[in-house]
Structures are given as structure tokens and as C-alpha cells.
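Contents: one structure, followed by commentary.
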2 protein chains.
Amino acid sequence: MAGSARRRPRLEDVAARVGVSTGTVSLVLSNAPGPSAATRERVMAAAAELGYRPDRTASLLARRRAHLLGVMLDVRSTFHAELVAELHDAAEAAGYDVLLSTVTPTRDSRRAIETLVDSRCEALVLLGPDAPTARLTTLGEQIPVVVVGRRLRSASLDVVRSADDRGVAAAVDHLVDLGHRDIAYVDGGPGTIATDRRSGYLRAMRRHGLDDRVRVLPGDPSEVAGTTAARELVGTGEPPTAVVTYNDRVALGLLDGLLRAGVDVPGEVSVVGYDDSPSAQLPHVDLTTVSQDTRGQAENAVRAAVERLDGARTTPREVVLEPRLVVRRSTSAPRARARLTRSAVNGAAAPSTAP
Amino acid sequence: MAGSARRRPRLEDVAARVGVSTGTVSLVLSNAPGPSAATRERVMAAAAELGYRPDRTASLLARRRAHLLGVMLDVRSTFHAELVAELHDAAEAAGYDVLLSTVTPTRDSRRAIETLVDSRCEALVLLGPDAPTARLTTLGEQIPVVVVGRRLRSASLDVVRSADDRGVAAAVDHLVDLGHRDIAYVDGGPGTIATDRRSGYLRAMRRHGLDDRVRVLPGDPSEVAGTTAARELVGTGEPPTAVVTYNDRVALGLLDGLLRAGVDVPGEVSVVGYDDSPSAQLPHVDLTTVSQDTRGQAENAVRAAVERLDGARTTPREVVLEPRLVVRRSTSAPRARARLTRSAVNGAAAPSTAP
DNA sequence: CTCGCGATTTAAAGCGCTTTAAAGGTGTGG
DNA sequence: CCACACCTTTAAAGCGCTTTAAATCGCGAG
């Protein structure tokens with residue numbers, strides 16, 4: 001019995017029950033003008049009684065517009081997870097449904113995208129796609145595509161991203177503001193995002209006249225980069241008083257490494273992450289980090305897709321959102337020796353926001 | 001031009017190009033018997049040339065069977081993420097496609113499930129559903145439903161889960177084996193899973209004649225529970241020599257708390273987690289933990305669904321998988337005073353696997 | 001009592017693909 | 001040279017729903 005009970009009711013079934021045509025029922029259920037109030041009521045009642053649920057597949061096929069947004073993500077990324085949640089909200093507000101397709105170690109972005117296209121998604125939102133730009137461009141010529149979180153310029157794609165360089169710069173500013181001058185950076189490897197963040201660090205250091213203090217430690221986007229960096233820094237004769245990292249995961253690894261080495265954070269070394277991930281918000285971590293405004297990215301991605309679909313826009317658009325520094329307890333003014341330097345710097349820098 | 005290029009090619013288009021009927025093309029593309037080798041070749045060529053991709057919506061509608069499995073998950077759970085990856089593989093092997101639908105803070109399981117059903121999924125795989133058993137049972141009467149990771153018995157549902165109690169018991173056995181006797185447990189709050197794990201601990205302790213050493217610290221499924229527990233344990237006069245935790249997140253919090261308190265792990269306290277999450281595998285964490293065999297859960301979930309769909313089975317089935325202890329470096333024999341105890345215990349227990 | 005008109009409802013043509021009975025061609029044995 | 005069997009291909013009927021032109025129905029106006 002389970003799973004094969006009785007066929008699910010169709011439009012025809014509720015029509016028969018009420019004694020009207022399927023067309024009428026369809027009109028009532030889609031809340032379209034035409035049917036009289038009395039009919040509406042009877043149809044609604046019958047539909048409820050039978051537990052009728054429209055078959056979306058048939059509905060999509062018959063309808064011109066599918067009102068379906070395809071989202072490609074990496075289900076293992078906590079950052080994507082947050083974005084997806086926001087995307088659902090934004091899409092719903094715009095009257096669209098969302099279909100999810102994930103990349104996995106055995107399912108590449110090509111497969112993931114194909115599934116979405118085959119399922120009649122009208123537009124695609126790709127979260128940090130790893131596909132080559134050329135392929136994305138080709139895709140964008142066939143269907144509206146919004147790329148989220150990756151910097152690229154293409155004649156056929158919309159892009160929504162966060163100003164990664166400015167985010168890191170804000171972190172550096174904050175540290176300089178606190179009085180730091182020896183500020184190191186743990187890199188995130190190759191890749192455009194990592195490149196942007198690194199150059200944000202470099203530029204900010206230059207702007208503060210700290211060119212000679214620049215120190216970039218090699219890394220990758222995982223905790224391991226952080227622990228490696230910690231070892232490196234602690235082994236050094238002159239460790240920096242602050243470290244900015246490519247992302248929260250690196251920062252977490254770094255924090256762990258420093259803790260094990262007996263280095264006090266933020267007492268001896270301040271640490272800044274990037275992403276404002278759930279882990280950064282944990283009370284025992286309480287990491288100063290840069291928030292990427294997932295809500296804003298989701299809203300803009302949906303808006304971009306909808307504009308394309310409505311034909312309101314046909315030229316590519318790039319939306320760059322301003323990241324926001326979230327100050328927590330992993331950063332503070334440098335102690336003792338460094339503190340002297342501080343007032344000197346403060347005199348030349350923007351007014352301090354520190355207590 | 002982007003997004004509205006030219007209509008995507010239909011079956012009819014490739015049929016026209018080859019000069020055959022749509023029926024023939026359909027047969028070729030679905031690799032069904034009938035068409036001659038020559039025709040096959042020409043059709044394939046034309047399809048490739050036009051970049052034809054079948055419209056899954058239409059295909060689903062026309063086909064009796066949709067070969068679509070709906071998976072409900074919480075996109076923010078790393079554990080679900082792993083399961084989803086495995087589910088994709090298992091489903092593909094069985095000739096099914098997967099549709100994902102997530103719960104979010106603003107999208108409850110009812111919504112998530114509706115989307116899947118409306119999209120013609122033939123069966124549902126629900127990862128740790130929070131819906132009341134009654135609702136799930138009703139659902140199971142309409143469509144094959146496999147519940148993963150939640151213990152429940154219902155006349156209409158299949159269940160795939162891991163023997164949580166035995167997993168924790170294995171952790172306790174391992175510790176006893178190493179010579180520990182004062183083994184505490186950090187709880188995961190209410191909920192059936194937490195209950196199972198807790199009772200696994202209690203039973204194992206009893207089995208080893210350690211009833212009087214039982215110590216359950218209150219908690220929840222997050223890192224916070226671990227840090228709280230750490231404070232509690234360190235403050236105590238007699239801290240245990242080993243702690244088993246509800247899951248890896250709790251263990252991570254605990255490790256952090258112990259580290260900050262200057263407690264050496266595993267020197268002074270051994271720690272065991274649960275889930276074998278990616279974080280547990282990080283080199284600087286290297287947590288002894290219990291693996292839930294996500295691969296096995298995914299395969300069994302898909303198998304259960306397929307059996308139902310093939311009509312090969314109509315009675316509910318519960319599959320309970322054996323968890324596997326993964327020994328890493330967060331556990332070792334207790335030192336000094338405890339070490340004496342150890343040989344005594346070892347004499348009575350299974351041969352030690354410690355170096 | 002007939003007409004015309006607005007308010008409702010319906011009939012029917014798809015949406016793009018699958019599937020199966022039947023048609024069309026070929027080749028073989030009688 | 002015909003009948004028959006076999007191999008290919010096609011025609012056509014849906015799948016369940018949307019949509020729009022056209023039909024229907026009242027009803028008051030003329």
C-alpha cells in the first residue's frame with residue numbers, strides 16, 4: 001500500500017467532482033480572472049478535499065514561463081549554504097522557485113549545470129563556479145547566468161561579488177588603527193579571489209607607508225595553511241603583531257597553532273579572518289573578520305536574473321558589494337613596545353574607532 | 001542577445017535535420033532497440049551538431065517513470081553535505097537523478113518536501129527530518145519515503161541509520177582498552193540521536209563495571225557544549241582521564257577549552273568525537289572519532305527507495321549500519337597513576353591496540 | 001419577444017517527449 | 001512470382017496542465 005496508494009488526483013479529478021471543466025479549475029487555482037466567486041469556492045473546496053497538488057512538471061511544460069531559478073553550489077561549502085538560504089528567500093519574494101544542483105568530487109560543474117538546464121530553469125545562479133570563463137560565456141549566450149563570488153568580465157554574464165580587496169584593506173586599516181605596524185598576511189593560494197584579497201593587503205600596507213613591513217605567507221583556503229603559518233611565524237625572530245588571513249578557515253588554523261605555541265591572542269598577536277562564517281561567531285573563537293553580506297549578494301543575484309528574464313536588461317551588469325568588517329575579540333592594540341609606535345601611527349591615520 | 005539567443009533545439013528539429021520522425025530520434029537517444037546503426041549514427045551527429053539537450057520536464061511528463069529521487073537536507077549541515085555527495089553517486093549507479101531541496105530558517109520541511117513531490121520525484125530521501133512521525137507516516141502512505149539518520153518505526157517508512165549506541169560503546173571500549181576508567185561523556189541534548197548515544201555510553205560503562213565512574217555532562221550539538229564542559233571538567237577536583245562527546249563539534253569545542261586551560265591532549269585527557277567530520281581529519285586536530293559510513297547510508301537509502309519503486313518490496317525496512325571507530329591522535333593511554341590501572345584492566349579486556 | 005452585451009465557462013490546441021500499434025520495406029522460401 | 005517473416009520507421013495517442021478563442025447563459029433594453 002505504501003508508496004503506491006492511489007494515483008495522485010489530477011486536475012481532471014477535481015474538475016469532475018465539481019462538475020466543471022479542467023480549464024476552469026486551472027483558472028481558479030492560478031487565481032486568474034474569470035471564474036465566479038461561487039465556482040471559485042466550490043473548486044477550492046473540492047481541491048482541498050481531494051488533497052490535490054498541481055503536478056509541477058506538467059505545469060512547467062504547459063506554461064511559457066517556468067519561474068524556476070537554478071542554483072549551482074558546492075554543498076560542502078558553509079558559505080554557499082548561507083547563500084542558498086538567502087537565495088531561497090530572495091527568489092520567493094520575486095515569485096520564483098529554486099532548484100539546487102551541487103558539484104561533488106564526482107560530479108563536476110558541467111554535470112551540475114546540465115541538470116539545471118534540462119530541468120527547465122529559466123536562469124542560472126552559479127556560486128563560485130570553477131568552469132573556464134569561455135564555457136561560462138557560451139552558457140550565458142543561451143540562458144541568463146549570474147555568477148556569484150568570482151570576478152570576471154564577460155559579454156554575456158552578470159556578476160555579483162564582494163569587493164574582496166577592500167575587505168582585506170578594511171582589516172588592515174582596523175589593525176593600523178589599533179596601532180599595529182607589523183601586519184602579516186596568510187595567502188589563499190592561486191585563484192582570482194585569493195589574488196584580490198592579497199592585493200588588497202598589499203595596497204593597504206602601501207597606503208599606510210608600511211611597504212617594508214609587508215609579509216605574505218604562502219597558503220591555501222584551509223585550516224592547514226593557518227597552522228603552517230603559525231609555525232612559521234612563531235619560529236621567526238620577529239613575529240608580527242597582527243595577522244590577516246585569506247579566510248576564516250585559515251584563521252582558525254592559525255589561532256589553533258598560536259594557542260598551542262603559547263602565543264596569546266589578541267595579547268601578543270591579533271588575528272583577522274574573512275567570511276564571518278558560523279565558526280568565527282562561536283563564543284570561544286570570537287574572531288574579528290570580514291562579512292560578505294550574503295543577503296545582499298543573494299538579492300542582487302536574483303534581481304539580476306529576473307531583470308534578464310523580464311527583458312528589462314540585456315547588457316551585462318556587475319554588482320560589487322561592500323564587505324563589512326566585524327570587530328570581535330581576536331584583535332586589540334599591540335602591547336608594550338608596539339604601543340609606542342601606535343600613537344605615532346594614529347596621528348597620521350584615520351581617527352581611531354577603538355575604545 | 002544573451003539569454004534569448006535562439007530557442008533551444010527540440011526533438012523535432014533534430015528529426016527534421018536527419019529526415020526522420022521524432023519517434024525515431026527519441027528511440028535513438030534513449031538507446032532503445034529498433035533504429036538501425038546507420039540511423040543511430042546520423043541522429044547522434046545531428047543532435048550533437050545542434051547541441052540538442054532533451055527537455056527533462058517534457059521527458060518526465062511523457063515517461064511513466066520519472067527516475068527522480070528527491071532529497072531533503074539542511075544545506076548548512078556538513079554531515080548532510082557528505083551524504084548528498086554519496087547519494088548522487090548511488091542514485092546515478094541505480095539510474096536515478098537527484099533533486100535537492102533544503103530546509104532553511106525560513107523554509108520548513110513541509111515546504112521542502114512539497115517542492116520535491118510537486119516536481120515529480122518518485123521517492124523521497126529525508127535526511128534527519130524534524131517533522132513529526134505522524135506526518136512522515138502519512139507522507140509515506142503516498143510516496144516511498146526513506147528516512148535517514150533518525151530512529152523511528154512506522155508502518156509506511158523505510159529507515160536507514162547508524163547504530164549510534166554501538167558507536168559510542170566502541171569509543172568507550174577503545175578507551176577502556178587503553179587503560180582509562182574515568183571516562184566522562186558530554187551529552188548532545190534532547191532528541192533521539194542524542195538519547196541513543198548517551199545510552200550507548202551508559203551501557204558500555206556498565207558492561208565494563210564502571211558504573212561508579214559514569215559522568216554525563218549536559219550539552220547540545222555545538223562547540224559551545226564542548227567549551228562549557230571543558231570549564232566544568234577543569235574546575236573539578238578529579239577530572240576524568242578521557243571524554244567521549246556527542247559529536248565532533250562538541251569535541252572541537254572541548255579540545256579548544258582544554259588547550260586554553262593548558263591541559264594536554266591526549267597526555268592528560270583523551271578525547272573522542274563522533275561523525276568523522278572533515279574538521280576531525282585536519283592534521284592539527286587529528287581527532288579519534290566514530291565514522292558513520294555515509295557511503296553505506298547513501299547506498300542503502302537509494303536501494304530502499306528503488307526496491308519500493310520496483311515493487312520488489314512493500315513492507316517497511318530498517319537498516320542499521322555499524323559505525324566504525326577511527327583512531328587518531330587525540331586518544332592515548334592515561335599517564336602515570338592511571339597507567340598502573342591500565343595493566344590491570346588490560347589483563348581482563350581485549351588485547352590492547354595501543355603501541 | 002428579440003437583440004445585444006457582459007459575465008462565465010468550455011473546448012481545444014498545444015508544451016516537448018515517450019511509447020506502441022501499425023505501416024512500410026526487404027529478403028527468403030515455396 | 002507470391003506469401004510470409006523480419007527489421008525499421010512512423011503515426012498517433014497520450015503525460016497533466018495552461019491558455020485563448022469561442023460558445024453559453026442571463027438579462028435588461030428596445
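Numbering starts fresh at 1 for the residues of each chain in the C-alpha cells, the chains themselves are lettered A, B, ... in the order given, and ligands are numbered from 1 as they appear.
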### Message
When you look at DC3 of chain C with a cut-off of 10 Å (counting only C-alpha atoms (C1' of nucleotides)), what residues show up, excluding the ones that are within fewer than 2 positions of it in the same chain? I need them as a PyMOL selection string.
### Response
(chain C and resi 1+5) or (chain D and resi 29-30)
Output of the above residues as a PDB file, in the first residue's frame, restricted to N, CA and C atoms (P, O5', C5', C4', C3', O3' and C1' of nucleotides):
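Saved as part00.pdb:
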```pdb
ATOM      1  P    DC C   1     -44.005  35.772 -25.957  1.00  0.00           P
ATOM      2  O5'  DC C   1     -43.036  36.746 -26.773  1.00  0.00           O
ATOM      3  C5'  DC C   1     -43.482  37.257 -28.013  1.00  0.00           C
ATOM      4  C4'  DC C   1     -42.301  37.770 -28.808  1.00  0.00           C
ATOM      5  C3'  DC C   1     -41.104  36.809 -28.737  1.00  0.00           C
ATOM      6  O3'  DC C   1     -40.411  36.863 -29.995  1.00  0.00           O
ATOM      7  C1'  DC C   1     -40.484  38.897 -27.802  1.00  0.00           C
ATOM      8  P    DC C   5     -23.785  44.935 -28.797  1.00  0.00           P
ATOM      9  O5'  DC C   5     -23.555  44.602 -27.269  1.00  0.00           O
ATOM     10  C5'  DC C   5     -24.318  45.286 -26.260  1.00  0.00           C
ATOM     11  C4'  DC C   5     -23.914  44.774 -24.902  1.00  0.00           C
ATOM     12  C3'  DC C   5     -22.433  44.386 -24.868  1.00  0.00           C
ATOM     13  O3'  DC C   5     -21.826  44.804 -23.659  1.00  0.00           O
ATOM     14  C1'  DC C   5     -23.765  42.525 -24.269  1.00  0.00           C
TER      15       DC C   5
ATOM     16  P    DA D  29     -32.714  48.141 -18.515  1.00  0.00           P
ATOM     17  O5'  DA D  29     -32.538  48.146 -20.090  1.00  0.00           O
ATOM     18  C5'  DA D  29     -31.214  48.158 -20.645  1.00  0.00           C
ATOM     19  C4'  DA D  29     -31.298  48.262 -22.159  1.00  0.00           C
ATOM     20  C3'  DA D  29     -32.241  49.377 -22.624  1.00  0.00           C
ATOM     21  O3'  DA D  29     -31.730  49.936 -23.824  1.00  0.00           O
ATOM     22  C1'  DA D  29     -33.107  47.269 -23.315  1.00  0.00           C
ATOM     23  P    DG D  30     -32.510  51.081 -24.529  1.00  0.00           P
ATOM     24  O5'  DG D  30     -33.255  50.340 -25.702  1.00  0.00           O
ATOM     25  C5'  DG D  30     -32.502  49.572 -26.634  1.00  0.00           C
ATOM     26  C4'  DG D  30     -33.432  49.017 -27.704  1.00  0.00           C
ATOM     27  C3'  DG D  30     -34.450  50.038 -28.223  1.00  0.00           C
ATOM     28  O3'  DG D  30     -34.707  49.769 -29.601  1.00  0.00           O
ATOM     29  C1'  DG D  30     -35.616  48.220 -27.295  1.00  0.00           C
TER      30       DG D  30
END
```
### Task
Write out as a PyMOL selection string every residue belonging to chain C that has an atom at most 6 Å from any atom of chain B, counting only C-alpha atoms (C1' of nucleotides).
chain C and resi 16-18
### Query
For chain D against chain A, which residues fall within 8 Å using only C-alpha atoms (C1' of nucleotides), given as a list in words?
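That gives DC15, DG16, DC17 and DT18 of chain D for chain D.
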### Task
Pull out every residue of chain A sitting within 6 Å of chain B, counting only C-alpha atoms, and send them as a list in words.
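Close enough to count are Ala2, Gly3, Ala5, Asp55, Arg56, Thr57, Val75, Arg76, Ala81, Ala85, Leu100, Thr104, Asp118, Ser119, Glu141, Gln142, Ile143, Pro144 and Ser156 of chain A.
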## Note on the structure
atom CA of Arg249 of chain B sits from atom CA of Glu232 of chain B at a separation of 17.4 Å
### Task
Report the distance between atom CA of Val125 of chain A and atom CA of Pro9 of chain B in Å, rounded to one decimal place.
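Between atom CA of Val125 of chain A and atom CA of Pro9 of chain B the gap works out to 22.5 Å.
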### Task
Enumerate the residues of segment 57-92 of chain B with a DSSP assignment of strand (DSSP E), computed from the backbone, and present them as a PyMOL selection string.
chain B and resi 68-74
With C-alpha atoms retained, could you export that selection as an mmCIF file, in the first residue's frame?
```cif
data_model
loop_
_atom_site.group_PDB
_atom_site.id
_atom_site.type_symbol
_atom_site.label_atom_id
_atom_site.label_comp_id
_atom_site.auth_asym_id
_atom_site.auth_seq_id
_atom_site.Cartn_x
_atom_site.Cartn_y
_atom_site.Cartn_z
ATOM 1 C CA LEU B 68 13.934 11.108 -9.937
ATOM 2 C CA LEU B 69 14.806 10.861 -6.276
ATOM 3 C CA GLY B 70 14.022 13.818 -4.063
ATOM 4 C CA VAL B 71 16.452 14.517 -1.269
ATOM 5 C CA MET B 72 15.607 16.819 1.589
ATOM 6 C CA LEU B 73 18.531 18.157 3.561
ATOM 7 C CA ASP B 74 19.729 21.008 5.680
#
```
### Task
Determine which residues of segment 156-239 of chain B DSSP labels as alpha helix (DSSP H) from the backbone of this structure, then write them out as a ChimeraX atom specification.
/B:164-178,192-207,223-235
Dump of N, CA and C atoms for the selected residues, as a short mmCIF file (atom, residue, chain, number, x, y, z; two decimals), in the first residue's frame:
```cif
data_model
loop_
_atom_site.label_atom_id
_atom_site.label_comp_id
_atom_site.auth_asym_id
_atom_site.auth_seq_id
_atom_site.Cartn_x
_atom_site.Cartn_y
_atom_site.Cartn_z
N ASP B 164 23.93 4.26 16.67
CA ASP B 164 24.60 5.28 17.46
C ASP B 164 25.09 4.79 18.81
N ASP B 165 24.27 3.96 19.43
CA ASP B 165 24.67 3.48 20.74
C ASP B 165 25.95 2.63 20.64
N ARG B 166 25.98 1.80 19.62
CA ARG B 166 27.17 0.95 19.49
C ARG B 166 28.40 1.76 19.11
N GLY B 167 28.20 2.87 18.40
CA GLY B 167 29.33 3.73 18.04
C GLY B 167 29.98 4.29 19.29
N VAL B 168 29.15 4.80 20.18
CA VAL B 168 29.70 5.37 21.40
C VAL B 168 30.31 4.25 22.26
N ALA B 169 29.65 3.12 22.24
CA ALA B 169 30.18 1.99 23.01
C ALA B 169 31.57 1.62 22.51
N ALA B 170 31.75 1.65 21.21
CA ALA B 170 33.06 1.32 20.65
C ALA B 170 34.11 2.31 21.14
N ALA B 171 33.70 3.58 21.25
CA ALA B 171 34.61 4.60 21.73
C ALA B 171 35.01 4.29 23.18
N VAL B 172 34.03 3.93 23.98
CA VAL B 172 34.31 3.60 25.38
C VAL B 172 35.21 2.37 25.46
N ASP B 173 34.90 1.37 24.67
CA ASP B 173 35.72 0.15 24.67
C ASP B 173 37.18 0.49 24.37
N HIS B 174 37.35 1.32 23.37
CA HIS B 174 38.69 1.73 22.96
C HIS B 174 39.43 2.38 24.11
N LEU B 175 38.73 3.26 24.82
CA LEU B 175 39.37 3.97 25.93
C LEU B 175 39.69 3.02 27.07
N VAL B 176 38.77 2.14 27.37
CA VAL B 176 38.99 1.18 28.45
C VAL B 176 40.20 0.32 28.09
N ASP B 177 40.20 -0.02 26.84
CA ASP B 177 41.29 -0.80 26.28
C ASP B 177 42.64 -0.14 26.51
N LEU B 178 42.63 1.16 26.37
CA LEU B 178 43.87 1.92 26.56
C LEU B 178 44.22 2.03 28.04
N THR B 192 16.33 12.05 19.66
CA THR B 192 16.54 10.60 19.69
C THR B 192 18.00 10.22 19.49
N ILE B 193 18.69 10.92 18.60
CA ILE B 193 20.07 10.56 18.36
C ILE B 193 20.90 10.74 19.62
N ALA B 194 20.74 11.89 20.24
CA ALA B 194 21.49 12.17 21.46
C ALA B 194 21.16 11.12 22.52
N THR B 195 19.91 10.74 22.58
CA THR B 195 19.50 9.74 23.57
C THR B 195 20.20 8.41 23.31
N ASP B 196 20.22 8.02 22.05
CA ASP B 196 20.87 6.76 21.70
C ASP B 196 22.34 6.77 22.09
N ARG B 197 23.00 7.86 21.75
CA ARG B 197 24.44 7.90 22.03
C ARG B 197 24.70 7.87 23.53
N ARG B 198 23.89 8.61 24.25
CA ARG B 198 24.08 8.65 25.69
C ARG B 198 23.89 7.26 26.28
N SER B 199 22.85 6.58 25.83
CA SER B 199 22.61 5.26 26.42
C SER B 199 23.70 4.28 26.00
N GLY B 200 24.29 4.52 24.85
CA GLY B 200 25.41 3.68 24.43
C GLY B 200 26.56 3.83 25.42
N TYR B 201 26.78 5.05 25.84
CA TYR B 201 27.83 5.32 26.83
C TYR B 201 27.51 4.64 28.15
N LEU B 202 26.29 4.85 28.59
CA LEU B 202 25.90 4.29 29.89
C LEU B 202 26.02 2.77 29.90
N ARG B 203 25.52 2.16 28.85
CA ARG B 203 25.58 0.70 28.81
C ARG B 203 27.01 0.18 28.77
N ALA B 204 27.84 0.84 27.97
CA ALA B 204 29.23 0.38 27.86
C ALA B 204 29.95 0.50 29.20
N MET B 205 29.70 1.61 29.88
CA MET B 205 30.35 1.80 31.18
C MET B 205 29.93 0.69 32.14
N ARG B 206 28.65 0.40 32.09
CA ARG B 206 28.12 -0.64 32.97
C ARG B 206 28.76 -1.99 32.63
N ARG B 207 28.83 -2.25 31.38
CA ARG B 207 29.40 -3.51 30.93
C ARG B 207 30.84 -3.69 31.42
N GLU B 223 29.75 23.42 19.38
CA GLU B 223 31.03 23.62 20.02
C GLU B 223 30.90 24.20 21.43
N VAL B 224 29.87 25.00 21.60
CA VAL B 224 29.69 25.64 22.90
C VAL B 224 29.59 24.61 24.02
N ALA B 225 28.90 23.52 23.74
CA ALA B 225 28.76 22.48 24.75
C ALA B 225 30.14 21.98 25.17
N GLY B 226 31.04 21.90 24.20
CA GLY B 226 32.38 21.42 24.50
C GLY B 226 33.17 22.37 25.37
N THR B 227 33.10 23.65 25.05
CA THR B 227 33.87 24.60 25.85
C THR B 227 33.32 24.69 27.26
N THR B 228 32.00 24.62 27.35
CA THR B 228 31.38 24.64 28.67
C THR B 228 31.84 23.42 29.48
N ALA B 229 31.82 22.30 28.83
CA ALA B 229 32.22 21.07 29.50
C ALA B 229 33.68 21.15 29.95
N ALA B 230 34.52 21.74 29.11
CA ALA B 230 35.94 21.86 29.44
C ALA B 230 36.10 22.65 30.73
N ARG B 231 35.38 23.74 30.82
CA ARG B 231 35.47 24.59 32.01
C ARG B 231 35.06 23.77 33.23
N GLU B 232 33.98 23.09 33.08
CA GLU B 232 33.44 22.26 34.15
C GLU B 232 34.45 21.20 34.60
N LEU B 233 35.02 20.53 33.63
CA LEU B 233 35.92 19.43 33.94
C LEU B 233 37.20 19.92 34.59
N VAL B 234 37.73 21.01 34.07
CA VAL B 234 38.99 21.54 34.60
C VAL B 234 38.78 22.07 36.01
N GLY B 235 37.61 22.62 36.24
CA GLY B 235 37.33 23.17 37.55
C GLY B 235 37.20 22.06 38.60
#
```
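Taking atom CA of Thr245 of chain A and atom CA of Asp276 of chain A as endpoints, the distance between them is 12.2 Å.
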### Message
When you look at DT8 of chain D with a cut-off of 10 Å (counting only C-alpha atoms (C1' of nucleotides)), what residues show up, excluding the ones that are within fewer than 6 positions of it in the same chain? I need them as a list in words.
### Response
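The contact residues come out as Thr24, Gly34, Pro35, Ser36 and Thr39 of chain B; DG24 and DG25 of chain C.
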Write the selection just made, keeping C-alpha atoms (C1' of nucleotides), as a PDB file, in the first residue's frame?
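Wrote result_5.pdb, looks like this:
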```
ATOM      1  CA  THR B  24      12.956   7.556 -34.169  1.00  0.00           C
ATOM      2  CA  GLY B  34      14.778  -0.506 -33.104  1.00  0.00           C
ATOM      3  CA  PRO B  35      16.702   2.076 -35.077  1.00  0.00           C
ATOM      4  CA  SER B  36      19.423   0.786 -37.370  1.00  0.00           C
ATOM      5  CA  THR B  39      20.203   5.909 -38.472  1.00  0.00           C
TER       6      THR B  39
ATOM      7  C1'  DG C  24       6.464   0.113 -44.969  1.00  0.00           C
ATOM      8  C1'  DG C  25      10.404  -2.376 -46.999  1.00  0.00           C
TER       9       DG C  25
END
```
### Task
Please provide the set of residues having any atom within 12 Å of DG30 of chain C, restricted to only C-alpha atoms (C1' of nucleotides), with same-chain residues fewer than 4 positions apart removed, written as a ChimeraX atom specification.
/D:1-4
### Query
Can you tell me, as an NGL selection string, what residues are no more than 9 Å from segment 24-27 of chain D when counting only C-alpha atoms (C1' of nucleotides), ignoring any on the same chain fewer than 5 positions away?
:C and (7-10)
